[in-house]
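Chemist: Structure file structure-v1.txt (compact mmCIF, C-alpha atoms and all ligand atoms) right here:
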# COMPACT_ATOMS: atom_id res chain seq x y z
CA MET P 1 26.75 27.16 -20.32
CA ILE P 2 26.55 23.67 -21.85
CA GLU P 3 27.68 21.39 -19.05
CA ARG P 4 28.29 17.70 -18.45
CA THR P 5 27.14 15.92 -15.32
CA PHE P 6 27.54 12.42 -13.90
CA VAL P 7 24.51 10.25 -13.14
CA ALA P 8 24.30 6.69 -11.81
CA ILE P 9 21.16 4.58 -11.52
CA LYS P 10 21.84 2.87 -8.20
CA PRO P 11 21.44 -0.90 -7.60
CA ASP P 12 17.81 -0.52 -6.42
CA GLY P 13 16.88 1.38 -9.60
CA VAL P 14 18.49 -1.29 -11.79
CA GLN P 15 16.93 -4.18 -9.82
CA ARG P 16 13.50 -2.56 -9.93
CA SER P 17 13.75 -2.33 -13.74
CA LEU P 18 13.53 1.45 -13.72
CA VAL P 19 16.44 2.05 -16.12
CA GLY P 20 14.29 2.75 -19.17
CA GLU P 21 11.90 4.97 -17.22
CA VAL P 22 14.74 7.03 -15.75
CA LEU P 23 16.66 7.34 -19.02
CA GLY P 24 13.47 8.36 -20.82
CA ARG P 25 12.96 11.30 -18.49
CA PHE P 26 16.42 12.67 -19.23
CA GLU P 27 16.12 12.08 -22.97
CA LYS P 28 12.71 13.74 -23.10
CA ALA P 29 14.07 16.77 -21.24
CA GLY P 30 16.56 17.18 -24.11
CA LEU P 31 19.66 16.01 -22.28
CA LYS P 32 22.19 14.23 -24.45
CA ILE P 33 23.70 10.92 -23.28
CA VAL P 34 27.44 11.28 -24.01
CA ALA P 35 28.64 8.20 -22.07
CA MET P 36 26.99 5.14 -20.53
CA LYS P 37 27.88 1.73 -19.09
CA MET P 38 26.84 -0.90 -16.54
CA GLN P 39 29.41 -1.39 -13.77
CA TRP P 40 29.45 -3.36 -10.52
CA ILE P 41 31.78 -1.39 -8.30
CA ASP P 42 33.64 -2.58 -5.18
CA LYS P 43 34.08 -0.78 -1.86
CA ASP P 44 37.47 0.70 -2.82
CA PHE P 45 35.87 2.36 -5.81
CA ALA P 46 32.81 3.33 -3.76
CA LEU P 47 35.09 5.17 -1.30
CA LYS P 48 36.49 7.19 -4.20
CA HIS P 49 33.00 8.06 -5.38
CA TYR P 50 31.60 8.92 -1.94
CA THR P 51 34.62 10.96 -0.80
CA GLU P 52 35.28 12.46 2.64
CA ASP P 53 32.92 15.24 1.66
CA ILE P 54 29.95 12.94 2.37
CA GLU P 55 31.41 12.20 5.81
CA LYS P 56 31.66 15.94 6.54
CA ARG P 57 28.10 16.58 5.36
CA ARG P 58 26.29 13.43 6.53
CA GLY P 59 28.63 11.73 9.04
CA LYS P 60 30.74 8.57 9.00
CA LYS P 61 27.77 6.28 9.65
CA VAL P 62 26.01 7.35 6.43
CA ARG P 63 29.23 6.92 4.42
CA ASP P 64 29.63 3.41 5.85
CA LEU P 65 26.03 2.50 5.03
CA LEU P 66 26.46 3.83 1.50
CA MET P 67 29.40 1.44 1.04
CA ASP P 68 26.98 -1.48 1.44
CA TYR P 69 24.19 -0.01 -0.66
CA ILE P 70 26.12 1.09 -3.73
CA VAL P 71 27.91 -2.28 -4.19
CA GLU P 72 24.72 -4.39 -3.86
CA GLY P 73 24.55 -4.85 -7.61
CA PRO P 74 25.53 -3.22 -10.88
CA VAL P 75 24.77 0.43 -11.51
CA ILE P 76 24.14 2.22 -14.81
CA ALA P 77 26.68 5.04 -15.00
CA MET P 78 26.28 7.84 -17.50
CA VAL P 79 27.29 11.35 -18.44
CA LEU P 80 24.57 13.73 -19.57
CA GLU P 81 25.14 16.95 -21.47
CA GLY P 82 22.88 19.98 -21.61
CA ILE P 83 22.36 23.63 -20.77
CA HIS P 84 22.96 23.99 -17.00
CA ALA P 85 22.92 20.18 -17.00
CA ILE P 86 24.10 19.83 -13.39
CA GLU P 87 21.24 21.89 -11.97
CA ILE P 88 18.63 20.56 -14.42
CA VAL P 89 19.47 16.92 -13.69
CA ARG P 90 19.25 17.55 -9.92
CA LYS P 91 15.81 19.10 -10.49
CA ILE P 92 14.62 16.07 -12.46
CA VAL P 93 16.11 13.72 -9.81
CA GLY P 94 14.45 15.48 -6.84
CA GLY P 95 15.38 15.84 -3.17
CA THR P 96 17.58 13.36 -1.30
CA GLU P 97 14.85 12.10 1.08
CA PRO P 98 12.18 10.30 -0.98
CA LYS P 99 9.51 11.19 1.63
CA ASN P 100 9.95 14.86 0.76
CA ALA P 101 10.99 14.60 -2.90
CA LEU P 102 8.33 16.31 -5.01
CA PRO P 103 5.94 14.33 -7.22
CA GLY P 104 7.10 14.55 -10.81
CA THR P 105 10.72 13.97 -9.81
CA ILE P 106 12.37 10.55 -10.12
CA ARG P 107 12.78 10.16 -6.37
CA GLY P 108 9.34 11.61 -5.66
CA ASP P 109 7.62 9.25 -8.07
CA PHE P 110 9.45 5.96 -7.56
CA CYS P 111 10.32 5.71 -3.87
CA HIS P 112 9.04 6.96 -0.54
CA ALA P 113 11.38 6.06 2.37
CA SER P 114 12.34 8.58 5.06
CA TYR P 115 15.48 9.47 7.03
CA ASP P 116 13.71 8.20 10.17
CA TYR P 117 13.06 4.82 8.62
CA ALA P 118 16.62 4.53 7.25
CA ASP P 119 18.07 5.50 10.66
CA LYS P 120 15.96 2.94 12.52
CA LYS P 121 16.78 0.19 10.04
CA GLU P 122 20.44 1.30 9.84
CA LEU P 123 20.25 1.49 6.06
CA ALA P 124 21.33 4.05 3.50
CA ILE P 125 18.32 5.77 1.98
CA ARG P 126 17.46 3.86 -1.19
CA ASN P 127 16.63 6.64 -3.62
CA ILE P 128 17.28 5.06 -7.05
CA ILE P 129 19.72 7.53 -8.49
CA HIS P 130 22.85 9.59 -7.94
CA ALA P 131 23.56 12.88 -9.70
CA SER P 132 26.54 15.20 -9.24
CA GLY P 133 25.82 17.98 -6.76
CA ASN P 134 27.91 20.76 -8.31
CA LYS P 135 30.47 21.61 -11.00
CA GLU P 136 33.50 20.37 -9.03
CA ASP P 137 31.81 17.07 -8.16
CA ALA P 138 30.69 16.60 -11.77
CA GLU P 139 34.24 17.04 -13.09
CA TYR P 140 35.68 14.71 -10.45
CA GLU P 141 33.01 12.02 -10.89
CA ILE P 142 33.16 12.01 -14.71
CA LYS P 143 36.97 11.52 -14.52
CA LEU P 144 36.60 8.80 -11.89
CA TRP P 145 34.03 6.74 -13.82
CA PHE P 146 34.98 7.29 -17.46
CA ASN P 147 38.11 7.38 -19.61
CA ASP P 148 38.33 10.17 -22.17
CA ASN P 149 37.73 7.68 -25.01
CA GLU P 150 34.39 6.65 -23.45
CA LEU P 151 33.05 10.23 -23.65
CA HIS P 152 31.47 10.95 -27.01
CA SER P 153 30.78 14.16 -28.90
CA TYR P 154 28.12 13.72 -31.55
CA LYS P 155 25.16 15.54 -33.04
CA ASN P 156 21.62 14.55 -32.30
CA VAL P 157 18.18 16.11 -32.63
CA HIS P 158 18.79 18.23 -29.52
CA ASP P 159 21.38 20.26 -31.47
CA VAL P 160 18.55 21.41 -33.72
CA HIS P 161 15.68 21.87 -31.27
CA ILE P 162 17.21 22.32 -27.81
CA PHE P 163 20.73 23.82 -28.09
P1 LIG P 201 22.23 13.35 -2.90
O1 LIG P 201 22.31 11.92 -3.37
O2 LIG P 201 20.84 13.89 -3.01
O3 LIG P 201 23.27 14.23 -3.52
P2 LIG P 201 23.94 13.27 -0.51
O4 LIG P 201 25.09 13.51 -1.43
O5 LIG P 201 23.84 14.19 0.65
O6 LIG P 201 22.54 13.35 -1.31
O7 LIG P 201 23.95 11.79 0.06
C1 LIG P 201 24.35 10.71 -0.76
C2 LIG P 201 23.40 9.55 -0.52
O8 LIG P 201 23.52 9.11 0.84
C3 LIG P 201 21.93 9.85 -0.67
O9 LIG P 201 21.49 9.84 -2.02
C4 LIG P 201 21.31 8.72 0.13
O10 LIG P 201 21.29 7.51 -0.61
C5 LIG P 201 22.30 8.58 1.29
N1 LIG P 201 21.95 9.34 2.49
C6 LIG P 201 22.09 10.66 2.68
N2 LIG P 201 21.72 11.02 3.92
C7 LIG P 201 21.34 9.91 4.56
C8 LIG P 201 20.85 9.61 5.89
N3 LIG P 201 20.69 10.56 6.80
N4 LIG P 201 20.55 8.32 6.18
C9 LIG P 201 20.71 7.36 5.27
N5 LIG P 201 21.18 7.57 4.02
C10 LIG P 201 21.49 8.81 3.65
MG MG P 202 25.37 14.08 -3.40
Show how you would write the structure in this file as structure tokens.

Modeler:
Amino acid sequence: MIERTFVAIKPDGVQRSLVGEVLGRFEKAGLKIVAMKMQWIDKDFALKHYTEDIEKRRGKKVRDLLMDYIVEGPVIAMVLEGIHAIEIVRKIVGGTEPKNALPGTIRGDFCHASYDYADKKELAIRNIIHASGNKEDAEYEIKLWFNDNELHSYKNVHDVHIF
């Protein structure tokens, strides 16, 4: 039941100085950071992260727009560990469209753009953060972004009070 999930604070989140705020929410929820780094990816890498699955779900146009957005600046990549971590992190992150993301979620609190606006401006929706959508994606994304020796197993206070 203890899972690992991949999270990236996207270039807008980093450039808006929201790294500490975002990390704090995960830490306070009792999720354990087991890997973390800053990385400025290129489009080849971005295509591996946003696989053909995004094209099937959202269309080629959105995948193309994402290729510009995600390489705009460095991202903070991390792996978080916790009970049902994949689902819990998605809950803390909030819905994809900031306009409809609930208050109290990262996307609901720190951005507000809509699909309509993004479509008109021909931009990817800037929503601060990426989090793996399911178990298969989490496994794939963790392997893509991190080597085994960058993933750490250690004890922290969560092992006493949360796990
Ligand atoms: P999530 O990030 O919530 O898992 P998706 O995997 O469906 O959502 O989409 C990946 C990212 O693509 C979103 O976080 C957002 O930045 C962007 N995106 C999704 N749909 C659209 C859209 N219709 N127009 C513009 N950008 C979009
Ligand atoms: Mg997704």

Chemist: Could you please determine the separation between atom CA of Gly95 of chain P and atom CA of Ala124 of chain P in Å, to one decimal place?

Modeler: 14.8 Å

Chemist: Of the residues P:Ile54, P:Ile106, P:Val160, P:Leu23, which is the one nearest to ligand LIG 201 (chain P), using only C-alpha atoms and all ligand atoms?

Modeler: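 Using only C-alpha atoms and all ligand atoms, ligand LIG 201 (chain P) sits closest to P:Ile54.
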
Chemist: Could you please extract the residues within 12 Å of ligand MG 202 (chain P), counting only C-alpha atoms and all ligand atoms, and hand them back as a PyMOL selection string?

Modeler: chain P and resi 6-8+49-58+62-63+66+86+90+93-97+127+129-138+141

Chemist: Just checking: using only C-alpha atoms and all ligand atoms, which residue out of P:Lys99, P:Arg126, P:Lys91, P:Arg25 ends up closest to ligand LIG 201 (chain P)?

Modeler: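 Among the listed residues, P:Arg126 lies closest to ligand LIG 201 (chain P).
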
Chemist: Around all the atoms of ligand LIG 201 (chain P) listed in the file, with 8 Å of room on each side, what axis-aligned box do you get, giving centre and edge lengths in Å to one decimal, as AutoDock Vina command-line options?

Modeler:
--center_x 22.8 --center_y 10.8 --center_z 1.6 --size_x 20.5 --size_y 22.9 --size_z 26.3

Chemist: Which is closer to ligand LIG 201 (chain P) than all the others in P:His161, P:His84, P:Arg16, P:Lys121, using only C-alpha atoms and all ligand atoms?

Modeler: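 The answer is P:Lys121, which sits nearest to ligand LIG 201 (chain P).
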
Chemist: Just give me the gap between atom CA of Tyr115 of chain P and atom P2 of ligand LIG 201 (chain P) in Å, one decimal is fine.

Modeler: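 These atoms are spaced 12.0 Å apart.
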
Chemist: Please measure the separation of atom CA of Gly82 of chain P and atom CA of Arg4 of chain P, giving the value in Å to one decimal.

Modeler: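 Separation of atom CA of Gly82 of chain P and atom CA of Arg4 of chain P: 6.7 Å.
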
Chemist: Counting all atoms listed in the file, I want the residues whose atoms come within 12 Å of (31.6, 2.2, -12.3) in the file frame, returned as JSON, numbers by chain.

Modeler: {"P": [6, 7, 8, 9, 10, 11, 35, 36, 37, 38, 39, 40, 41, 42, 43, 44, 45, 46, 47, 48, 49, 70, 71, 73, 74, 75, 76, 77, 78, 79, 141, 142, 143, 144, 145, 146, 147]}

Chemist: Output the selection as a PDB file, in the frame of the given file - C-alpha atoms for each residue.

Modeler:
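Result file again18.pdb:
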ATOM      1  CA  PHE P   6      27.540  12.420 -13.900  1.00  0.00           C
ATOM      2  CA  VAL P   7      24.510  10.250 -13.140  1.00  0.00           C
ATOM      3  CA  ALA P   8      24.300   6.690 -11.810  1.00  0.00           C
ATOM      4  CA  ILE P   9      21.160   4.580 -11.520  1.00  0.00           C
ATOM      5  CA  LYS P  10      21.840   2.870  -8.200  1.00  0.00           C
ATOM      6  CA  PRO P  11      21.440  -0.900  -7.600  1.00  0.00           C
ATOM      7  CA  ALA P  35      28.640   8.200 -22.070  1.00  0.00           C
ATOM      8  CA  MET P  36      26.990   5.140 -20.530  1.00  0.00           C
ATOM      9  CA  LYS P  37      27.880   1.730 -19.090  1.00  0.00           C
ATOM     10  CA  MET P  38      26.840  -0.900 -16.540  1.00  0.00           C
ATOM     11  CA  GLN P  39      29.410  -1.390 -13.770  1.00  0.00           C
ATOM     12  CA  TRP P  40      29.450  -3.360 -10.520  1.00  0.00           C
ATOM     13  CA  ILE P  41      31.780  -1.390  -8.300  1.00  0.00           C
ATOM     14  CA  ASP P  42      33.640  -2.580  -5.180  1.00  0.00           C
ATOM     15  CA  LYS P  43      34.080  -0.780  -1.860  1.00  0.00           C
ATOM     16  CA  ASP P  44      37.470   0.700  -2.820  1.00  0.00           C
ATOM     17  CA  PHE P  45      35.870   2.360  -5.810  1.00  0.00           C
ATOM     18  CA  ALA P  46      32.810   3.330  -3.760  1.00  0.00           C
ATOM     19  CA  LEU P  47      35.090   5.170  -1.300  1.00  0.00           C
ATOM     20  CA  LYS P  48      36.490   7.190  -4.200  1.00  0.00           C
ATOM     21  CA  HIS P  49      33.000   8.060  -5.380  1.00  0.00           C
ATOM     22  CA  ILE P  70      26.120   1.090  -3.730  1.00  0.00           C
ATOM     23  CA  VAL P  71      27.910  -2.280  -4.190  1.00  0.00           C
ATOM     24  CA  GLY P  73      24.550  -4.850  -7.610  1.00  0.00           C
ATOM     25  CA  PRO P  74      25.530  -3.220 -10.880  1.00  0.00           C
ATOM     26  CA  VAL P  75      24.770   0.430 -11.510  1.00  0.00           C
ATOM     27  CA  ILE P  76      24.140   2.220 -14.810  1.00  0.00           C
ATOM     28  CA  ALA P  77      26.680   5.040 -15.000  1.00  0.00           C
ATOM     29  CA  MET P  78      26.280   7.840 -17.500  1.00  0.00           C
ATOM     30  CA  VAL P  79      27.290  11.350 -18.440  1.00  0.00           C
ATOM     31  CA  GLU P 141      33.010  12.020 -10.890  1.00  0.00           C
ATOM     32  CA  ILE P 142      33.160  12.010 -14.710  1.00  0.00           C
ATOM     33  CA  LYS P 143      36.970  11.520 -14.520  1.00  0.00           C
ATOM     34  CA  LEU P 144      36.600   8.800 -11.890  1.00  0.00           C
ATOM     35  CA  TRP P 145      34.030   6.740 -13.820  1.00  0.00           C
ATOM     36  CA  PHE P 146      34.980   7.290 -17.460  1.00  0.00           C
ATOM     37  CA  ASN P 147      38.110   7.380 -19.610  1.00  0.00           C
TER      38      ASN P 147
END

Chemist: Excluding same-chain residues fewer than 2 positions from Leu151 of chain P, what lies within 7 Å of it counting all atoms listed in the file, as a list in words?

Modeler: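 My list of contacting residues is Val34, Ala35, Asp148, Asn149 and Ser153 of chain P.
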
Chemist: Just checking: using all atoms listed in the file, which residue out of P:Lys32, P:Lys120, P:Lys60, P:His112 ends up closest to Tyr154 of chain P?

Modeler: P:Lys32
